[in-house]
Amino acid sequence: MKTTSAGRRDFYITTAFLALVLAWDFSGLDMRVMRLFGGATGFAERDSLWASTLVHSGGRWLAWLLAAALAVVALRTPKAARGAPGRTERLGWLGVMLLCALAVPALKRLSATSCPWDLAEFGGMARYVSHWQWGLADGGPGHCFPAGHAIAAYAFFGMYFLWRGHDPRRARAWLLGVLAAGVLFGIGQLVRGAHYPSHTLWSAWICWAICAGADGLRRVISVLRAPAPASTLLAHPAPPS
């Protein structure tokens, strides 16, 4: 019953999140927001210490260090202790997080959308083309959608799903931390002109959807592997040999 409600809740959240991202896309607010931070001479914060060095480069290195630490912890965990996930479960979710980290860059390679700082309006030479217009070149280098740096935070949604069945308080702490880091990384890339808000929102949704889908698959597999109830066995006894 609990797993069913969790799956239903995940579906509602994923669908509502998708509706929110689509609403932002159709609002046309991406360019309006970018004009608040950039102009004909580009983006003043593009190479700033806080946005470029600390948030962008520093955030990426911090994410790799955290992922490495989680991998070490997973490998050193012999078996599931009371109230904690075991090695197999931890490694499984690290694999899901790696899938998030690979999926977004793979989509970027297929995208013809250029970054805001590549637009002629901001000192570049590209024209604005919606990322929905797949394959339509905008005159720039492309390969900017969705936001790659955002996965340094949002891939860790997997830790929320890992812990929520074992320690809900820790799971919520992970979720809040991931959301806070994701917003910070998104703002850092926004003020630099590296990504539109929609790019970060889509990266967040993709990572969430992958993790929610993986957790749903895990529940299905656990149900299929569960032994039949004793009442079922009594109702259908094995035939005599």
# chains A, B, ... in the order shown; residues from 1 in each chain; ligands from 1
>>> select_by_dssp(residues="stretch 10-65 of chain A", states="helix (DSSP H, G or I)", output="PyMOL selection string")
chain A and resi 10-27+29-35+49-65
>>> residues_around(residues="A:Thr200", least_positions_apart="5", cutoff="7 Å", atoms="only C-alpha atoms", output="list in words")
Pro146, Ala147, Ala150 and Gly186 of chain A
>>> write_last_selection(atoms="C-alpha atoms", output="PDB file, in the first residue's frame")
ATOM      1  CA  PRO A 146      19.536  21.351 -21.747  1.00  0.00           C
ATOM      2  CA  ALA A 147      21.846  22.759 -19.055  1.00  0.00           C
ATOM      3  CA  ALA A 150      22.746  21.752 -13.541  1.00  0.00           C
ATOM      4  CA  GLY A 186      21.093  27.724 -12.411  1.00  0.00           C
TER       5      GLY A 186
END
>>> closest_residue(among="A:Gly42, A:Gly123, A:Pro116, A:Gly165", to="A:Gly142", atoms="only C-alpha atoms")
A:Pro116
>>> residues_around(residues="A:Gly148", least_positions_apart="4", cutoff="8 Å", atoms="only C-alpha atoms", output="PyMOL selection string")
chain A and resi 104-105+108+144+152+203
>>> atom_distance(atom1="atom CA of A:Met34", atom2="atom CA of A:Leu176")
26.2 Å
>>> closest_atom_pairs(of="stretch 92-177 of chain A", to="stretch 8-25 of chain A", cutoff="10 Å", atoms="only C-alpha atoms", output="CSV")
residue,atom,partner,partner_atom,distance
A:Ser130,CA,A:Asp25,CA,8.9
A:His131,CA,A:Asp25,CA,9.4
A:Trp132,CA,A:Asp25,CA,9.2
>>> closest_atom_pairs(of="stretch 143-218 of chain A", to="stretch 94-100 of chain A", cutoff="6 Å", atoms="only C-alpha atoms", output="tab-separated table")
residue	atom	partner	partner_atom	distance
A:Ala155	CA	A:Met97	CA	5.0
A:Gly158	CA	A:Met97	CA	5.9
A:Cys207	CA	A:Cys100	CA	5.4
>>> select_by_dssp(residues="stretch 24-227 of chain A", states="strand (DSSP E)", output="PyMOL selection string")
chain A and resi 38-39+42-43
>>> write_last_selection(atoms="N, CA, C and O atoms", output="mmCIF file, in the first residue's frame")
data_model
loop_
_atom_site.group_PDB
_atom_site.id
_atom_site.type_symbol
_atom_site.label_atom_id
_atom_site.label_comp_id
_atom_site.auth_asym_id
_atom_site.auth_seq_id
_atom_site.Cartn_x
_atom_site.Cartn_y
_atom_site.Cartn_z
ATOM 1 N N GLY A 38 22.068 40.813 -19.465
ATOM 2 C CA GLY A 38 22.972 40.989 -20.595
ATOM 3 C C GLY A 38 22.510 42.077 -21.541
ATOM 4 O O GLY A 38 21.347 42.475 -21.534
ATOM 5 N N GLY A 39 23.442 42.535 -22.357
ATOM 6 C CA GLY A 39 23.145 43.552 -23.353
ATOM 7 C C GLY A 39 24.032 43.375 -24.565
ATOM 8 O O GLY A 39 24.624 42.302 -24.774
ATOM 9 N N GLY A 42 27.405 41.948 -24.041
ATOM 10 C CA GLY A 42 27.499 40.628 -23.416
ATOM 11 C C GLY A 42 26.970 40.622 -21.997
ATOM 12 O O GLY A 42 26.122 41.429 -21.617
ATOM 13 N N PHE A 43 27.500 39.710 -21.197
ATOM 14 C CA PHE A 43 27.050 39.530 -19.813
ATOM 15 C C PHE A 43 28.191 39.897 -18.868
ATOM 16 O O PHE A 43 29.271 39.303 -18.915
#
>>> residues_around(residues="A:Arg164", least_positions_apart="2", cutoff="12 Å", atoms="only C-alpha atoms", output="list in words")
Lys2, Thr3, Ala6, Gly83, Ala84, Pro85, Phe157, Gly158, Met159, Tyr160, Phe161, Leu162, His166, Asp167, Pro168, Arg169, Arg170, Ala171, Arg172, Ala173, Trp174, Leu175 and Asp215 of chain A
>>> write_last_selection(atoms="N, CA and C atoms", output="PDB file, in the first residue's frame")
ATOM      1  N   LYS A   2       1.909   1.227   0.853  1.00  0.00           N
ATOM      2  CA  LYS A   2       2.790   2.382   0.946  1.00  0.00           C
ATOM      3  C   LYS A   2       3.537   2.607  -0.360  1.00  0.00           C
ATOM      4  N   THR A   3       4.032   1.509  -0.973  1.00  0.00           N
ATOM      5  CA  THR A   3       4.757   1.660  -2.231  1.00  0.00           C
ATOM      6  C   THR A   3       3.851   2.149  -3.339  1.00  0.00           C
ATOM      7  N   ALA A   6       3.426   5.824  -2.883  1.00  0.00           N
ATOM      8  CA  ALA A   6       4.661   6.526  -3.257  1.00  0.00           C
ATOM      9  C   ALA A   6       4.768   6.640  -4.770  1.00  0.00           C
ATOM     10  N   GLY A  83      17.652   0.159   9.180  1.00  0.00           N
ATOM     11  CA  GLY A  83      17.299   1.538   8.842  1.00  0.00           C
ATOM     12  C   GLY A  83      18.208   2.185   7.825  1.00  0.00           C
ATOM     13  N   ALA A  84      19.062   1.423   7.166  1.00  0.00           N
ATOM     14  CA  ALA A  84      19.987   1.996   6.185  1.00  0.00           C
ATOM     15  C   ALA A  84      20.054   1.095   4.958  1.00  0.00           C
ATOM     16  N   PRO A  85      20.285   1.683   3.792  1.00  0.00           N
ATOM     17  CA  PRO A  85      20.407   0.875   2.570  1.00  0.00           C
ATOM     18  C   PRO A  85      21.720   0.119   2.527  1.00  0.00           C
ATOM     19  N   PHE A 157      19.286  13.857  -7.071  1.00  0.00           N
ATOM     20  CA  PHE A 157      17.924  13.469  -6.707  1.00  0.00           C
ATOM     21  C   PHE A 157      17.898  11.992  -6.315  1.00  0.00           C
ATOM     22  N   GLY A 158      18.811  11.227  -6.892  1.00  0.00           N
ATOM     23  CA  GLY A 158      18.872   9.807  -6.580  1.00  0.00           C
ATOM     24  C   GLY A 158      19.055   9.535  -5.099  1.00  0.00           C
ATOM     25  N   MET A 159      19.726  10.427  -4.386  1.00  0.00           N
ATOM     26  CA  MET A 159      19.935  10.217  -2.960  1.00  0.00           C
ATOM     27  C   MET A 159      18.638  10.369  -2.171  1.00  0.00           C
ATOM     28  N   TYR A 160      17.755  11.211  -2.662  1.00  0.00           N
ATOM     29  CA  TYR A 160      16.437  11.329  -2.030  1.00  0.00           C
ATOM     30  C   TYR A 160      15.671  10.017  -2.156  1.00  0.00           C
ATOM     31  N   PHE A 161      15.675   9.452  -3.357  1.00  0.00           N
ATOM     32  CA  PHE A 161      14.966   8.194  -3.572  1.00  0.00           C
ATOM     33  C   PHE A 161      15.634   7.045  -2.828  1.00  0.00           C
ATOM     34  N   LEU A 162      16.954   7.095  -2.700  1.00  0.00           N
ATOM     35  CA  LEU A 162      17.667   6.048  -1.957  1.00  0.00           C
ATOM     36  C   LEU A 162      17.229   6.017  -0.501  1.00  0.00           C
ATOM     37  N   HIS A 166      14.090   4.494   3.938  1.00  0.00           N
ATOM     38  CA  HIS A 166      14.875   4.101   5.106  1.00  0.00           C
ATOM     39  C   HIS A 166      14.876   5.172   6.181  1.00  0.00           C
ATOM     40  N   ASP A 167      15.081   6.423   5.769  1.00  0.00           N
ATOM     41  CA  ASP A 167      15.186   7.540   6.707  1.00  0.00           C
ATOM     42  C   ASP A 167      14.574   8.772   6.034  1.00  0.00           C
ATOM     43  N   PRO A 168      13.261   8.973   6.179  1.00  0.00           N
ATOM     44  CA  PRO A 168      12.598  10.090   5.499  1.00  0.00           C
ATOM     45  C   PRO A 168      13.202  11.459   5.811  1.00  0.00           C
ATOM     46  N   ARG A 169      13.666  11.638   7.036  1.00  0.00           N
ATOM     47  CA  ARG A 169      14.251  12.931   7.387  1.00  0.00           C
ATOM     48  C   ARG A 169      15.532  13.190   6.591  1.00  0.00           C
ATOM     49  N   ARG A 170      16.371  12.174   6.492  1.00  0.00           N
ATOM     50  CA  ARG A 170      17.586  12.323   5.690  1.00  0.00           C
ATOM     51  C   ARG A 170      17.237  12.516   4.210  1.00  0.00           C
ATOM     52  N   ALA A 171      16.225  11.817   3.753  1.00  0.00           N
ATOM     53  CA  ALA A 171      15.801  11.961   2.359  1.00  0.00           C
ATOM     54  C   ALA A 171      15.360  13.397   2.074  1.00  0.00           C
ATOM     55  N   ARG A 172      14.577  13.960   2.978  1.00  0.00           N
ATOM     56  CA  ARG A 172      14.131  15.356   2.785  1.00  0.00           C
ATOM     57  C   ARG A 172      15.302  16.317   2.819  1.00  0.00           C
ATOM     58  N   ALA A 173      16.283  16.044   3.665  1.00  0.00           N
ATOM     59  CA  ALA A 173      17.470  16.905   3.723  1.00  0.00           C
ATOM     60  C   ALA A 173      18.221  16.866   2.392  1.00  0.00           C
ATOM     61  N   TRP A 174      18.366  15.657   1.828  1.00  0.00           N
ATOM     62  CA  TRP A 174      18.988  15.538   0.512  1.00  0.00           C
ATOM     63  C   TRP A 174      18.194  16.309  -0.537  1.00  0.00           C
ATOM     64  N   LEU A 175      16.883  16.166  -0.511  1.00  0.00           N
ATOM     65  CA  LEU A 175      16.042  16.828  -1.505  1.00  0.00           C
ATOM     66  C   LEU A 175      16.186  18.350  -1.420  1.00  0.00           C
ATOM     67  N   ASP A 215      12.899   4.319  -9.666  1.00  0.00           N
ATOM     68  CA  ASP A 215      12.286   3.852  -8.424  1.00  0.00           C
ATOM     69  C   ASP A 215      11.010   3.070  -8.714  1.00  0.00           C
TER      70      ASP A 215
END
>>> closest_residue(among="A:Trp93, A:Trp117, A:Trp202, A:Trp61", to="A:Gln189", atoms="only C-alpha atoms")
A:Trp117
>>> closest_residue(among="A:Gly92, A:Gly182, A:Arg219, A:Leu70", to="A:His149", atoms="only C-alpha atoms")
A:Gly182
>>> closest_residue(among="A:Ala40, A:Ala101, A:Leu62, A:Val178", to="A:Asp118", atoms="only C-alpha atoms")
A:Ala40
>>> closest_residue(among="A:His143, A:Arg35, A:Arg46, A:His56", to="A:Phe185", atoms="only C-alpha atoms")
A:His56
